[in-house]
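Reviewing the structure listed below.
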Amino acid sequence: MANPFLRALLTRTRKTLLDLVPFTSSNFSKPFSPIRFPLNPLKPPKPPPSFDPSTSHLPSTWLIARFSTEALIHSSFSPSIIGDKDKLKGKKKSPKKLRFDFTKVDAKLLPTVILVGRPNVGKSALFNRLIKRREALVYNTPGDHVTRDIREGIAKLGDLRFRVLDSAGLETAATSGTILSRTVEMTGNVLSRSQFAIFLIDVRDGLQPLDLEVGKWLRKHAPGIRTIVAMNKSESLDEQGLLAAAAGEAHKLGFGDAVAISSETGLGMAELYGILRPILEDYMLQLPTEEKDEDSVDCEMDSGEENAPLQLAIVGRPNVGKSTLLNTLLQEERVLVGPEAGLTRDSIRAQFQFDNRTIYLVDTAGWLERSGKEKGPSSLSIVQSRKNLMRAHIVALVLDGEEIARKQSSMNHAEVVIARQAIEEGRGLVVIVNKMDLLRGKKNNSLIDKVLEIVPQEIQTVIPQVTGIPVVFISALEGKGRVLVMRQVLETYQKWCLRLPTACLNRWLRKVMSRHSWKDQATQPKIKYFTQVKARPPTFVAFLSGKAQLSATDLRFLIKSLKEDFDLGGIPIRITQRSIPRKTPSIKTSKIKSNSSPRLGPRGVSDKRSHSSDVSF
């Protein structure tokens, strides 16, 4: 019914126009039937607009009506009006469907992409852009290497997710035994566990001979790894139109077409996404489906608060064995170690499992006091170490056992500053005495016993704010003490996250207050109730009646009693006070009481007045 009515309506409109305009064969095709249908049967049609035959041009409204009428007539036979929706849908371009959703994959199964290249080409800057955080140190040092260790993170490039590794600058011609040769060996070991590589070159400097050597080294040590060449720092060449020449020069490396990017400005990230997307999808589709399903279930089960990841920071002075301890805990050569002091510049973050718990381990650079004379990467390392200390849950302070035995002093000023700052930030503290293997021997047996006895006592004397700080004696070089350290860390973390019910605390409070000796019983503050308002670290509130407050001695007594009765040693405890004002009768209640009292007549005399008068006289 709709189609005949529409055609009749359009026929009537066209007939009205033909009556007004002189008809020629060039104007219209064969006219339609003169049958006229009113627009509205209840209302007569409106008279047509006036037309001046002397003018040769048609009004614009009529021309629009003419062509729109023909368009509607022809569209009446289109599939949209007839109802052929399948043909209409076929004309639209459907968006390209993604073959794989990387956001739902466990981090263990994600593909690994390593960033390689010669020094000072922007690998750390690209690493920070991919993980969307500033974790790696970035500093312009052409003659030095800022990055020396392997840094790992989860890259977020659009909807892509993959593990990205930041490596040290490669110098294949380095002398054997030097720091540069050790970094090359470490990069080669990590390269064997990667699936893809992004080879960065500095397009402003052009293709250097060291770039060609790195390309040969990649083809030799990683022949089965798909390598993508990225021309970094191309934001300036993009305006000058020199990228085509640079891309042609990059073909000498033998890894195909290069992509122009800029780690600082984000230029070329869309092109890099287009290159990585298909190859990463092909890799994920080749994995067995059973492993994907099992890992996805485990990821959902571990998402609860009870199995939340633990943040552990290893801090200490330079050259006390922090990096060696990290390698021992991870059971792999992850960071660079050696006899040189100050090898670690970046704060290296690693993840591992211990007793079905995820632990994020951070190895910080050697803690140095800021004197204002630091320049370059050393100043950035100090700031980064302090930031990681505030982010951690548990702080592991590493001491040098050999130096303790030689100087007969457990902690110097820098280590005391670290411990006190960790306590002030509310973190759990574990002290680790390393290099105990150097004290072995028949002559040193008595010295070892003295160290084991004196160190805990001196630590308690230097840090009186927290009692019961655990002390662990290990040898990280020999790999001894790994399990003991981790068990002590987990025990301290459980205390740090402890929550005590209010009823239990109030029963404990009554027993404690009875055995406490108050100086003045008359001015003794009365604690109404005691409750815990927060954990990590445990924070309690004492509600007092009146304006009397607990003294510092009373607060220390409560903190000491909490640590002894609930075994909360090694973690800071905070107690705050809140006073509960005494209730005073308001004006309304006093009026109500006065109104409720019985009124006496003018001549009535109360017994109380007579009695008081008798007493007074």
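Quick note on naming: the chains in the structure tokens go A, B, ... in the order shown, residues restart at 1 in each chain, and ligands are numbered from 1 in order of appearance.
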For this session: For region 324-336 of chain A, work out the shell of residues within 8 Å, counting only C-alpha atoms and skipping chain neighbours fewer than 3 positions away, then give it as an MDAnalysis selection string.
Result: chainID A and resid 148:150 182:183 186 321 343:344 348 352 361 363 476:477 479 482
For this session: Output as a PyMOL selection string all residues of region 420-464 of chain A that backbone DSSP marks as strand (DSSP E).
Result: chain A and resi 428-434
Selection above as a file: N, CA and C atoms, as an mmCIF file, in the first residue's frame:
```cif
data_model
loop_
_atom_site.group_PDB
_atom_site.id
_atom_site.type_symbol
_atom_site.label_atom_id
_atom_site.label_comp_id
_atom_site.auth_asym_id
_atom_site.auth_seq_id
_atom_site.Cartn_x
_atom_site.Cartn_y
_atom_site.Cartn_z
ATOM 1 N N GLY A 428 57.090 -2.104 56.212
ATOM 2 C CA GLY A 428 57.719 -3.169 56.983
ATOM 3 C C GLY A 428 59.206 -3.243 56.681
ATOM 4 N N LEU A 429 60.011 -3.577 57.671
ATOM 5 C CA LEU A 429 61.474 -3.551 57.534
ATOM 6 C C LEU A 429 62.051 -4.917 57.864
ATOM 7 N N VAL A 430 62.938 -5.398 56.985
ATOM 8 C CA VAL A 430 63.697 -6.629 57.190
ATOM 9 C C VAL A 430 65.161 -6.313 56.911
ATOM 10 N N VAL A 431 66.032 -6.610 57.859
ATOM 11 C CA VAL A 431 67.471 -6.351 57.713
ATOM 12 C C VAL A 431 68.151 -7.639 57.271
ATOM 13 N N ILE A 432 68.967 -7.550 56.199
ATOM 14 C CA ILE A 432 69.678 -8.709 55.647
ATOM 15 C C ILE A 432 71.169 -8.416 55.715
ATOM 16 N N VAL A 433 71.913 -9.265 56.397
ATOM 17 C CA VAL A 433 73.369 -9.138 56.500
ATOM 18 C C VAL A 433 73.984 -10.080 55.475
ATOM 19 N N ASN A 434 74.599 -9.514 54.433
ATOM 20 C CA ASN A 434 75.144 -10.289 53.325
ATOM 21 C C ASN A 434 76.651 -10.502 53.499
#
```
Exercise. What gap, in Å, lies between CA of Ser551 (chain A) and CA of Thr531 (chain A)?
Worked result: 18.6 Å
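For His221 (chain A), the non-local neighbours within 10 Å, defined as residues at least 4 positions apart in the same chain or in other chains and counting only C-alpha atoms, are Gly188, Asn189, Leu191, Ser192, Lys216, Trp217 and Ile225 of chain A.
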For this session: Find the residues near region 105-122 of chain A: any atom within 8 Å, counting only C-alpha atoms, skip ones fewer than 6 places away on the same chain, and give them as a VMD selection string.
Result: chain A and resid 140 to 142 145 154 161 to 171 191 193 to 202 210 to 211 214 232 to 233 263 280 283 to 284 292 295 to 296 299
Exercise. Leaving out Asp554 (chain A) and any residue of its chain fewer than 3 positions from it, which residues lie within 10 Å of it when counting only C-alpha atoms, given as a PyMOL selection string?
Worked result: chain A and resi 513+516-518+549-551+557-560
Exercise. Between CA of Asp257 (chain A) and CA of Leu242 (chain A), what is the spacing in Å?
Worked result: 15.5 Å
Exercise. Between CA of Gln408 (chain A) and CA of Gly570 (chain A), what is the spacing in Å?
Worked result: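 These atoms are spaced 23.7 Å apart.
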For this session: Name the residues in contact with Lys547 (chain A) at a cut-off of 8 Å, using only C-alpha atoms, excluding same-chain residues fewer than 2 positions from it; report them as a list in words.
Result: Leu544, Ser545, Gln549, Ser579, Ile580 and Pro581 of chain A
For this session: Pick out the residues sitting within 12 Å of region 445-447 of chain A, and hand them over as a ChimeraX atom specification; count only C-alpha atoms, and ignore anything fewer than 6 positions along from it in its own chain.
Result: /A:401-402,404-406,408,436-439,453-455
Could the residues in this selection be saved with N, CA, C and O atoms as a PDB file, in the first residue's frame?
```
ATOM      1  N   GLY A 401      78.334  -7.770  55.784  1.00  0.00           N
ATOM      2  CA  GLY A 401      78.817  -8.474  56.971  1.00  0.00           C
ATOM      3  C   GLY A 401      80.303  -8.324  57.180  1.00  0.00           C
ATOM      4  O   GLY A 401      80.776  -8.217  58.325  1.00  0.00           O
ATOM      5  N   GLU A 402      81.075  -8.307  56.094  1.00  0.00           N
ATOM      6  CA  GLU A 402      82.529  -8.163  56.227  1.00  0.00           C
ATOM      7  C   GLU A 402      82.882  -6.792  56.797  1.00  0.00           C
ATOM      8  O   GLU A 402      83.762  -6.676  57.657  1.00  0.00           O
ATOM      9  N   ILE A 404      80.988  -4.963  58.693  1.00  0.00           N
ATOM     10  CA  ILE A 404      80.550  -4.928  60.098  1.00  0.00           C
ATOM     11  C   ILE A 404      81.614  -5.543  61.005  1.00  0.00           C
ATOM     12  O   ILE A 404      81.937  -5.022  62.077  1.00  0.00           O
ATOM     13  N   ALA A 405      82.178  -6.665  60.546  1.00  0.00           N
ATOM     14  CA  ALA A 405      83.211  -7.321  61.361  1.00  0.00           C
ATOM     15  C   ALA A 405      84.491  -6.497  61.423  1.00  0.00           C
ATOM     16  O   ALA A 405      85.195  -6.494  62.446  1.00  0.00           O
ATOM     17  N   ARG A 406      84.795  -5.795  60.354  1.00  0.00           N
ATOM     18  CA  ARG A 406      86.031  -5.025  60.315  1.00  0.00           C
ATOM     19  C   ARG A 406      85.918  -3.741  61.127  1.00  0.00           C
ATOM     20  O   ARG A 406      86.825  -3.384  61.888  1.00  0.00           O
ATOM     21  N   GLN A 408      83.439  -3.118  63.346  1.00  0.00           N
ATOM     22  CA  GLN A 408      82.742  -3.405  64.595  1.00  0.00           C
ATOM     23  C   GLN A 408      81.591  -2.415  64.829  1.00  0.00           C
ATOM     24  O   GLN A 408      81.357  -1.935  65.923  1.00  0.00           O
ATOM     25  N   MET A 436      78.314 -13.169  54.407  1.00  0.00           N
ATOM     26  CA  MET A 436      78.760 -13.931  55.577  1.00  0.00           C
ATOM     27  C   MET A 436      79.742 -15.038  55.203  1.00  0.00           C
ATOM     28  O   MET A 436      80.410 -15.585  56.071  1.00  0.00           O
ATOM     29  N   ASP A 437      79.836 -15.365  53.900  1.00  0.00           N
ATOM     30  CA  ASP A 437      80.780 -16.400  53.478  1.00  0.00           C
ATOM     31  C   ASP A 437      82.230 -15.927  53.617  1.00  0.00           C
ATOM     32  O   ASP A 437      83.160 -16.743  53.688  1.00  0.00           O
ATOM     33  N   LEU A 438      82.457 -14.607  53.643  1.00  0.00           N
ATOM     34  CA  LEU A 438      83.815 -14.082  53.775  1.00  0.00           C
ATOM     35  C   LEU A 438      84.330 -14.156  55.206  1.00  0.00           C
ATOM     36  O   LEU A 438      85.521 -13.894  55.438  1.00  0.00           O
ATOM     37  N   LEU A 439      83.494 -14.502  56.160  1.00  0.00           N
ATOM     38  CA  LEU A 439      83.917 -14.591  57.560  1.00  0.00           C
ATOM     39  C   LEU A 439      84.185 -16.023  58.005  1.00  0.00           C
ATOM     40  O   LEU A 439      84.371 -16.271  59.186  1.00  0.00           O
ATOM     41  N   GLU A 453      75.376 -11.971  67.367  1.00  0.00           N
ATOM     42  CA  GLU A 453      74.807 -11.522  68.636  1.00  0.00           C
ATOM     43  C   GLU A 453      74.676 -10.005  68.722  1.00  0.00           C
ATOM     44  O   GLU A 453      73.681  -9.482  69.267  1.00  0.00           O
ATOM     45  N   ILE A 454      75.655  -9.299  68.192  1.00  0.00           N
ATOM     46  CA  ILE A 454      75.706  -7.848  68.387  1.00  0.00           C
ATOM     47  C   ILE A 454      74.802  -7.106  67.407  1.00  0.00           C
ATOM     48  O   ILE A 454      74.175  -6.105  67.766  1.00  0.00           O
ATOM     49  N   VAL A 455      74.708  -7.580  66.164  1.00  0.00           N
ATOM     50  CA  VAL A 455      73.964  -6.832  65.135  1.00  0.00           C
ATOM     51  C   VAL A 455      72.507  -6.598  65.525  1.00  0.00           C
ATOM     52  O   VAL A 455      72.022  -5.458  65.450  1.00  0.00           O
TER      53      VAL A 455
END
```
For this session: Compare A:Ala258, A:Phe543, A:Gln353, A:Arg133 by their minimum atom-to-atom distance to Ala244 (chain A), counting only C-alpha atoms, and give me the closest one.
Result: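 With only C-alpha atoms as the atom set, the closest residue is A:Ala258.
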